[in-house]
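Chemist: Take this structure, written in structure tokens, and hold onto it; I'll ask about it next.
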Protein chains: 2
Amino acid sequence: MGYLTDKKVAVIGAAGMIGSNMAQDLLSTGTANQIALYDPFAAGLEGVAEEIYHCAFPGARVTWTTNEAEALAGASYIISSGGAPRREGMTREDLLRGNCEIAKGLGEAIKQNAPGAELVIIIFNPADITGLTTLVHSGLSPGCVTTLAALDSTRLQTRLGQHFGVLQHEVTGCATYGGHGEKMAVFRGGIAVQGAKLTDLLAGGTVNGRGLSADEWAKIQSDTRNGGSRIIQLRGRSSFQSPSHQSIAMLQGRIRNGGYPWPCGCYFSSGEFAHVMMAADTEFTAAGLVGSIPEGTAEDLADLRDSYTHLCKLRDEVIAAGILPPIAEWGTLNPHL
Amino acid sequence: MGYLTDKKVAVIGAAGMIGSNMAQDLLSTGTANQIALYDPFAAGLEGVAEEIYHCAFPGARVTWTTNEAEALAGASYIISSGGAPRREGMTREDLLRGNCEIAKGLGEAIKQNAPGAELVIIIFNPADITGLTTLVHSGLSPGCVTTLAALDSTRLQTRLGQHFGVLQHEVTGCATYGGHGEKMAVFRGGIAVQGAKLTDLLAGGTVNGRGLSADEWAKIQSDTRNGGSRIIQLRGRSSFQSPSHQSIAMLQGRIRNGGYPWPCGCYFSSGEFAHVMMAADTEFTAAGLVGSIPEGTAEDLADLRDSYTHLCKLRDEVIAAGILPPIAEWGTLNPHL
């Protein structure tokens, strides 16, 4: 069996549901065969490694370790779902601070052990901010650090497909930008259902005999925002299959230098949306990830500015907590910024 | 994205960990895109379906239903992990009887709704007997019903690779036959480590400077038998990634008419090993699965006869419980037997 790459992939948080699913997906999709699994939880990690060994992937070289430096050493690709989940009694701020501390540690460990990393994908929440924190501390160029940002867009595509009773892939151009969560910017501009523009459908057009009222569209946007919590309600556990699958698809995009269709987390050094990491239009190239500000209606762009403002606020909380230095000092930690 | 088949695949037990992993693997590996998910547990099933939708597989047509007949209707391929797990206070006999009742129901539902099924793969335990029960009641030919039997072999390969410090795929010819569990027959005959025969290694040969004492070999066989419970100890949950992956690999073997390298569950109509389903050497052909009795040392074959005797005993318990008729009457339920 051939694999897309034989470069080393480090999976951080590999004892968890997302991490273990990624290990399997990397191999079963033929993406990568050199995989280092890291997690501080040794027993669970060994259990995951044994599961992967029992799959008997031809040509696989899968190792596991509770030593993060060892897992990262010489890795070309790093994917981390290794944050702490939100626990009862924990405030949003506790989660933000705790996971940004983890992201800082990861960034520092990357700087020391994997300075040649070509792509780092951050999955743990709040990913926009943990991704930014990892970037600043890693010393890598912005084109080499990103966050998983696709799921809001795929959830929007799912709900529109269900609303109109069409196949999901017949809904095109779904994209949400900016931050993840309450303040995501759901863009109307580029969406079409079986070729019919969403803006026309909102103005009275139909597909399959179904229209789309303003209330229905508001409900779909709200369902999109709550897509993750709906999974927890239904399944009794957080979403893990779709984050895993889309992260590996991003990595494939990086290895192939293109072809990944969804927004990714992207850092802008200058311009209106500078100094945060946020979901944007992105292209994987041989030089790394290249982002651009999405086009949309005036309303879409107003939503994006709102979302950006919210991200700046979160970033400033992390700066106030001392986990990131003030923006003006980022260059001392990372010469690319 | 192209898929190996656009025929319908029914995944039975799709709300569970194995079932949901199979749904993802079917799509991510490009095996099949028409997938019907069935489970009696509606909320969990919808949660799984939503996860799969959020993966946004191009060209996927994934439906979910709590109506088994609807899921099976016209399915070409059926994979079931939909048995009940062993619960506290339950005897082995309780589990056997309960899951064989489920297998009987599945067989009858297949007879009614999917008489043209090309391959049914049974995963739930004790799979040898639930697979046999499904076969008898389904009315399908023996070449169209099989059980997952690879994991004992891949666990043996894993342990030998670990013992000799070689890559797992450098251990070739690993196969266990007969029943799954305590009474599996671990064949020594065909195994080689980096080309060195296991029988020679047991006689004093070395690979990588390591030999294999009789005690070490006994320990490896015991680890192989306990590979599943070891996963539970380490991970706090039953193995689900490897059963899922190997089941989809079997299906790929059926669709491609060959290329699946591990033993599969196989029914023999006549000969020394008749009237049970057991792990054997198998080949996927355009006409279905074709099994043959494996070759091995005298000791290997003695182990296989032991394992067969044990399977006959389990089968006779199911007959005594009235879930299967006496062997002489199987032909009235299934003209192929």
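Going by the structure tokens order, chains are called A, B, ..., each with residues numbered from 1, while ligands are numbered from 1 in the order shown.
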Give me, as a VMD selection string, the residues of chain B touching chain A, with the criterion being at most 7 Å (counting only C-alpha atoms).

Modeler: chain B and resid 28 to 29 43 to 44 46 to 47 51 to 56 58 to 59 151 154 to 155 158 169 231 234 to 235 239 241 to 242 245 to 246

Chemist: DSSP on the backbone, then: every residue of region 36-190 of chain A marked strand (DSSP E), written as a list of chain:residue names.

Modeler: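 Secondary structure check on region 36-190 of chain A, strand (DSSP E): A:Ala36, A:Leu37, A:Tyr38, A:Arg61, A:Val62, A:Thr63, A:Trp64, A:Thr65, A:Tyr77, A:Ile78, A:Ile79, A:Ser80, A:Leu119, A:Val120, A:Ile121, A:Ile122, A:Val145, A:Thr146, A:Thr147, A:Val171, A:Thr172, A:Thr176, A:Tyr177, A:Ala185, A:Val186.
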
Chemist: Write out, as a PDB file, in the first residue's frame, the residues just selected, with N, CA and C atoms.

Modeler:
```
ATOM      1  N   ALA A  36       3.552   9.072  15.121  1.00  0.00           N
ATOM      2  CA  ALA A  36       3.943   9.049  16.538  1.00  0.00           C
ATOM      3  C   ALA A  36       2.738   9.492  17.355  1.00  0.00           C
ATOM      4  N   LEU A  37       2.292   8.625  18.240  1.00  0.00           N
ATOM      5  CA  LEU A  37       1.134   8.916  19.076  1.00  0.00           C
ATOM      6  C   LEU A  37       1.617   9.414  20.438  1.00  0.00           C
ATOM      7  N   TYR A  38       1.108  10.548  20.849  1.00  0.00           N
ATOM      8  CA  TYR A  38       1.468  11.082  22.167  1.00  0.00           C
ATOM      9  C   TYR A  38       0.225  11.361  22.991  1.00  0.00           C
ATOM     10  N   ARG A  61       4.260   2.353  10.463  1.00  0.00           N
ATOM     11  CA  ARG A  61       5.271   2.471  11.526  1.00  0.00           C
ATOM     12  C   ARG A  61       4.696   3.400  12.568  1.00  0.00           C
ATOM     13  N   VAL A  62       3.991   2.802  13.503  1.00  0.00           N
ATOM     14  CA  VAL A  62       3.266   3.580  14.504  1.00  0.00           C
ATOM     15  C   VAL A  62       3.935   3.382  15.853  1.00  0.00           C
ATOM     16  N   THR A  63       4.338   4.480  16.475  1.00  0.00           N
ATOM     17  CA  THR A  63       4.934   4.403  17.808  1.00  0.00           C
ATOM     18  C   THR A  63       4.064   5.175  18.790  1.00  0.00           C
ATOM     19  N   TRP A  64       4.195   4.872  20.069  1.00  0.00           N
ATOM     20  CA  TRP A  64       3.470   5.649  21.085  1.00  0.00           C
ATOM     21  C   TRP A  64       4.410   5.988  22.226  1.00  0.00           C
ATOM     22  N   THR A  65       4.193   7.151  22.803  1.00  0.00           N
ATOM     23  CA  THR A  65       5.067   7.610  23.881  1.00  0.00           C
ATOM     24  C   THR A  65       4.323   8.618  24.749  1.00  0.00           C
ATOM     25  N   TYR A  77       4.481  16.971  10.335  1.00  0.00           N
ATOM     26  CA  TYR A  77       3.080  17.349  10.503  1.00  0.00           C
ATOM     27  C   TYR A  77       2.669  17.040  11.935  1.00  0.00           C
ATOM     28  N   ILE A  78       1.924  17.966  12.513  1.00  0.00           N
ATOM     29  CA  ILE A  78       1.517  17.833  13.911  1.00  0.00           C
ATOM     30  C   ILE A  78       0.031  18.179  13.992  1.00  0.00           C
ATOM     31  N   ILE A  79      -0.745  17.272  14.565  1.00  0.00           N
ATOM     32  CA  ILE A  79      -2.166  17.561  14.759  1.00  0.00           C
ATOM     33  C   ILE A  79      -2.466  17.375  16.226  1.00  0.00           C
ATOM     34  N   SER A  80      -3.044  18.390  16.845  1.00  0.00           N
ATOM     35  CA  SER A  80      -3.315  18.275  18.272  1.00  0.00           C
ATOM     36  C   SER A  80      -4.782  18.450  18.622  1.00  0.00           C
ATOM     37  N   LEU A 119       3.237  21.700   8.762  1.00  0.00           N
ATOM     38  CA  LEU A 119       1.871  22.085   9.104  1.00  0.00           C
ATOM     39  C   LEU A 119       1.532  21.602  10.511  1.00  0.00           C
ATOM     40  N   VAL A 120       1.001  22.519  11.303  1.00  0.00           N
ATOM     41  CA  VAL A 120       0.468  22.198  12.629  1.00  0.00           C
ATOM     42  C   VAL A 120      -1.027  22.511  12.578  1.00  0.00           C
ATOM     43  N   ILE A 121      -1.845  21.541  12.938  1.00  0.00           N
ATOM     44  CA  ILE A 121      -3.299  21.746  12.945  1.00  0.00           C
ATOM     45  C   ILE A 121      -3.785  21.644  14.389  1.00  0.00           C
ATOM     46  N   ILE A 122      -4.413  22.709  14.861  1.00  0.00           N
ATOM     47  CA  ILE A 122      -4.901  22.743  16.242  1.00  0.00           C
ATOM     48  C   ILE A 122      -6.419  22.534  16.245  1.00  0.00           C
ATOM     49  N   VAL A 145       0.831  27.043  10.500  1.00  0.00           N
ATOM     50  CA  VAL A 145      -0.014  26.755  11.668  1.00  0.00           C
ATOM     51  C   VAL A 145      -1.454  27.125  11.324  1.00  0.00           C
ATOM     52  N   THR A 146      -2.366  26.217  11.565  1.00  0.00           N
ATOM     53  CA  THR A 146      -3.767  26.474  11.236  1.00  0.00           C
ATOM     54  C   THR A 146      -4.660  25.801  12.276  1.00  0.00           C
ATOM     55  N   THR A 147      -5.948  26.041  12.140  1.00  0.00           N
ATOM     56  CA  THR A 147      -6.915  25.391  13.025  1.00  0.00           C
ATOM     57  C   THR A 147      -8.013  24.765  12.173  1.00  0.00           C
ATOM     58  N   VAL A 171     -25.551  21.285  -2.268  1.00  0.00           N
ATOM     59  CA  VAL A 171     -25.480  22.619  -1.634  1.00  0.00           C
ATOM     60  C   VAL A 171     -24.015  23.050  -1.704  1.00  0.00           C
ATOM     61  N   THR A 172     -23.756  24.102  -2.440  1.00  0.00           N
ATOM     62  CA  THR A 172     -22.361  24.512  -2.668  1.00  0.00           C
ATOM     63  C   THR A 172     -22.089  25.886  -2.055  1.00  0.00           C
ATOM     64  N   THR A 176     -18.488  29.459   6.735  1.00  0.00           N
ATOM     65  CA  THR A 176     -18.595  30.370   7.872  1.00  0.00           C
ATOM     66  C   THR A 176     -17.180  30.845   8.180  1.00  0.00           C
ATOM     67  N   TYR A 177     -17.066  32.098   8.558  1.00  0.00           N
ATOM     68  CA  TYR A 177     -15.754  32.714   8.728  1.00  0.00           C
ATOM     69  C   TYR A 177     -15.627  33.354  10.101  1.00  0.00           C
ATOM     70  N   ALA A 185     -19.353  34.035  11.597  1.00  0.00           N
ATOM     71  CA  ALA A 185     -20.041  34.780  10.542  1.00  0.00           C
ATOM     72  C   ALA A 185     -20.487  33.795   9.465  1.00  0.00           C
ATOM     73  N   VAL A 186     -21.791  33.560   9.404  1.00  0.00           N
ATOM     74  CA  VAL A 186     -22.345  32.635   8.407  1.00  0.00           C
ATOM     75  C   VAL A 186     -22.581  33.434   7.127  1.00  0.00           C
TER      76      VAL A 186
END
```

Chemist: Need the shell around region 328-337 of chain B: protein/DNA/RNA residues with any atom at most 10 Å away, counting only C-alpha atoms. Skip same-chain ones fewer than 6 positions apart. Format as a PyMOL selection string?

Modeler: chain B and resi 108+111+135-143+267-270+275

Chemist: Per DSSP on the backbone, filter region 123-257 of chain B down to the residues in alpha helix (DSSP H) and report them as an MDAnalysis selection string.

Modeler: chainID B and resid 127:138 151:164 198:202 214:225 227:235 241:256

Chemist: Hey, can you check how far CA of Ala175 (chain A) sits from CA of Thr297 (chain A)?

Modeler: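 Going from CA of Ala175 (chain A) over to CA of Thr297 (chain A) covers 13.0 Å.
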
Chemist: Do you have the CA of Thr5 (chain A)-CA of Leu289 (chain A) distance handy?

Modeler: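 These atoms are spaced 17.9 Å apart.
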
Chemist: Show me, as a PyMOL selection string, the residues that have an atom within 10 Å of Asp200 (chain B) when counting only C-alpha atoms, minus same-chain residues fewer than 6 positions from it.

Modeler: chain B and resi 192+206+211-212

Chemist: With C-alpha atoms retained, write the just-selected residues as a PDB file, in the first residue's frame.

Modeler:
```pdb
ATOM      1  CA  ALA B 192       7.835 -16.461   9.255  1.00  0.00           C
ATOM      2  CA  THR B 206      17.159 -16.106  15.960  1.00  0.00           C
ATOM      3  CA  GLY B 211      15.140 -16.327  19.857  1.00  0.00           C
ATOM      4  CA  LEU B 212      11.774 -17.724  20.866  1.00  0.00           C
TER       5      LEU B 212
END
```

Chemist: Tell me, as number ranges by chain, which residues lie within 8 Å of Ala214 (chain A), counting only C-alpha atoms; anything in the same chain fewer than 3 positions away does not count.

Modeler: A: 202, 217-218

Chemist: Store the residues of this selection in a file with C-alpha atoms, as a PDB file, in the first residue's frame.

Modeler:
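Here's the written file result_38.pdb:
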```pdb
ATOM      1  CA  LEU A 202     -34.440  34.091   0.532  1.00  0.00           C
ATOM      2  CA  TRP A 217     -32.821  30.743   7.580  1.00  0.00           C
ATOM      3  CA  ALA A 218     -32.354  32.139  11.091  1.00  0.00           C
TER       4      ALA A 218
END
```

Chemist: Residues at most 10 Å from Phe284 (chain A), counting only C-alpha atoms, excluding those fewer than 3 positions away in the same chain, as a ChimeraX atom specification?

Modeler: /A:143-144,250-261,264,287-291

Chemist: Restricting it to N, CA and C atoms, dump the selection as a PDB file, in the first residue's frame.

Modeler:
```pdb
ATOM      1  N   GLY A 143       2.027  30.473   7.757  1.00  0.00           N
ATOM      2  CA  GLY A 143       1.563  29.510   6.749  1.00  0.00           C
ATOM      3  C   GLY A 143       1.696  28.065   7.195  1.00  0.00           C
ATOM      4  N   CYS A 144       2.316  27.848   8.356  1.00  0.00           N
ATOM      5  CA  CYS A 144       2.542  26.482   8.854  1.00  0.00           C
ATOM      6  C   CYS A 144       1.687  26.128  10.061  1.00  0.00           C
ATOM      7  N   MET A 250      -7.530  18.156   5.769  1.00  0.00           N
ATOM      8  CA  MET A 250      -6.666  19.347   5.703  1.00  0.00           C
ATOM      9  C   MET A 250      -5.220  18.931   5.465  1.00  0.00           C
ATOM     10  N   LEU A 251      -4.783  17.941   6.205  1.00  0.00           N
ATOM     11  CA  LEU A 251      -3.405  17.478   6.051  1.00  0.00           C
ATOM     12  C   LEU A 251      -3.167  16.974   4.624  1.00  0.00           C
ATOM     13  N   GLN A 252      -4.141  16.247   4.082  1.00  0.00           N
ATOM     14  CA  GLN A 252      -4.023  15.797   2.685  1.00  0.00           C
ATOM     15  C   GLN A 252      -3.879  16.997   1.755  1.00  0.00           C
ATOM     16  N   GLY A 253      -4.649  18.061   2.034  1.00  0.00           N
ATOM     17  CA  GLY A 253      -4.541  19.277   1.234  1.00  0.00           C
ATOM     18  C   GLY A 253      -3.126  19.844   1.280  1.00  0.00           C
ATOM     19  N   ARG A 254      -2.520  19.846   2.458  1.00  0.00           N
ATOM     20  CA  ARG A 254      -1.149  20.356   2.605  1.00  0.00           C
ATOM     21  C   ARG A 254      -0.163  19.475   1.844  1.00  0.00           C
ATOM     22  N   ILE A 255      -0.329  18.160   1.966  1.00  0.00           N
ATOM     23  CA  ILE A 255       0.622  17.236   1.325  1.00  0.00           C
ATOM     24  C   ILE A 255       0.509  17.338  -0.198  1.00  0.00           C
ATOM     25  N   ARG A 256      -0.719  17.492  -0.671  1.00  0.00           N
ATOM     26  CA  ARG A 256      -0.960  17.573  -2.124  1.00  0.00           C
ATOM     27  C   ARG A 256      -0.830  18.994  -2.660  1.00  0.00           C
ATOM     28  N   ASN A 257      -0.612  19.956  -1.770  1.00  0.00           N
ATOM     29  CA  ASN A 257      -0.574  21.372  -2.164  1.00  0.00           C
ATOM     30  C   ASN A 257      -1.866  21.824  -2.833  1.00  0.00           C
ATOM     31  N   GLY A 258      -2.966  21.499  -2.235  1.00  0.00           N
ATOM     32  CA  GLY A 258      -4.230  22.022  -2.739  1.00  0.00           C
ATOM     33  C   GLY A 258      -5.355  21.017  -2.647  1.00  0.00           C
ATOM     34  N   GLY A 259      -6.541  21.485  -3.006  1.00  0.00           N
ATOM     35  CA  GLY A 259      -7.678  20.582  -3.091  1.00  0.00           C
ATOM     36  C   GLY A 259      -8.522  20.488  -1.840  1.00  0.00           C
ATOM     37  N   TYR A 260      -8.177  21.232  -0.798  1.00  0.00           N
ATOM     38  CA  TYR A 260      -9.026  21.204   0.407  1.00  0.00           C
ATOM     39  C   TYR A 260     -10.059  22.315   0.293  1.00  0.00           C
ATOM     40  N   PRO A 261     -11.341  21.985   0.315  1.00  0.00           N
ATOM     41  CA  PRO A 261     -12.359  22.971  -0.082  1.00  0.00           C
ATOM     42  C   PRO A 261     -12.926  23.857   1.016  1.00  0.00           C
ATOM     43  N   CYS A 264     -10.147  27.422   6.567  1.00  0.00           N
ATOM     44  CA  CYS A 264      -9.208  26.986   7.608  1.00  0.00           C
ATOM     45  C   CYS A 264      -8.856  28.192   8.467  1.00  0.00           C
ATOM     46  N   ALA A 287       4.346  26.414  -0.290  1.00  0.00           N
ATOM     47  CA  ALA A 287       4.959  27.261   0.731  1.00  0.00           C
ATOM     48  C   ALA A 287       4.135  27.286   2.021  1.00  0.00           C
ATOM     49  N   GLY A 288       3.011  26.589   2.035  1.00  0.00           N
ATOM     50  CA  GLY A 288       2.170  26.595   3.231  1.00  0.00           C
ATOM     51  C   GLY A 288       0.796  27.157   2.928  1.00  0.00           C
ATOM     52  N   LEU A 289       0.110  27.477   3.991  1.00  0.00           N
ATOM     53  CA  LEU A 289      -1.260  27.950   3.877  1.00  0.00           C
ATOM     54  C   LEU A 289      -1.270  29.437   3.525  1.00  0.00           C
ATOM     55  N   VAL A 290      -2.070  29.793   2.526  1.00  0.00           N
ATOM     56  CA  VAL A 290      -2.203  31.199   2.152  1.00  0.00           C
ATOM     57  C   VAL A 290      -3.670  31.586   2.317  1.00  0.00           C
ATOM     58  N   GLY A 291      -3.929  32.603   3.130  1.00  0.00           N
ATOM     59  CA  GLY A 291      -5.307  32.986   3.401  1.00  0.00           C
ATOM     60  C   GLY A 291      -5.707  34.244   2.668  1.00  0.00           C
TER      61      GLY A 291
END
```

Chemist: Rounded to one decimal, what separation in Å do you get between CA of Arg97 (chain A) and CA of Ala127 (chain A)?

Modeler: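 Interatomic distance here is 12.3 Å.
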